[in-house]
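As structure tokens, the structure follows; a few thoughts come after it.
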Amino acid sequence: MTQIDLQDAQEQIIHLFELAASGEEIVISKDNRPFVKLSPANGTKRWRQFGSAKGLIEMADDFDEPLADFQEYM
């Protein structure tokens with residue numbers, strides 16, 4: 001979240017719009033108090049990147065073996 005004073009925001013409004021459109025929340029303050037919040041109109045939907053968790057998940061070799069606690073039920 002970016003916080004900026006109203007006077008500074010007037011000078012950089014186009015840049016602030018671009019930041020908000022890319023998903024950044026912008027809070028514009030007036031007299032050191034939050035005044036306006038800019039956020040994207042359609043929300044931020046991030047596309048999944050396939051393979052991004054590769055190498056982070058490990059499966060045990062005996063994953064599909066019956067549990068010892070349940071032997072009497074089999």
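Letters A, B, ... mark the chains of the structure tokens in the order given; residue numbers begin at 1 per chain; ligand numbers begin at 1, in order shown.
Residues with any atom within 12 Å of segment 33-43 of chain A, counting only C-alpha atoms and excluding same-chain neighbours fewer than 4 positions away, are A:Met1, A:Thr2, A:Gln3, A:Ile4, A:Asp5, A:Leu6, A:Ala9, A:Ile13, A:Ile14, A:His15, A:Leu16, A:Phe17, A:Glu18, A:Leu19, A:Ala20, A:Ala21, A:Ser22, A:Gly23, A:Glu24, A:Glu25, A:Ile26, A:Val27, A:Ile28, A:Ser29.
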Checklist entry - In chain A, what's helix (DSSP H, G or I) per DSSP? Answer as a ChimeraX atom specification? => result /A:6-11,13-21,68-73
Next on the checklist: For the structure I just gave you, how does DSSP split segment 9-74 of chain A - specifically, which residues are strand (DSSP E or B)? Reply as a list in words.
Outcome noted: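 Taking segment 9-74 of chain A and keeping strand (DSSP E or B) only, one gets Ile26, Val27, Ile28, Ser29, Lys30, Arg33, Pro34, Phe35, Val36, Lys37 and Leu38 of chain A.
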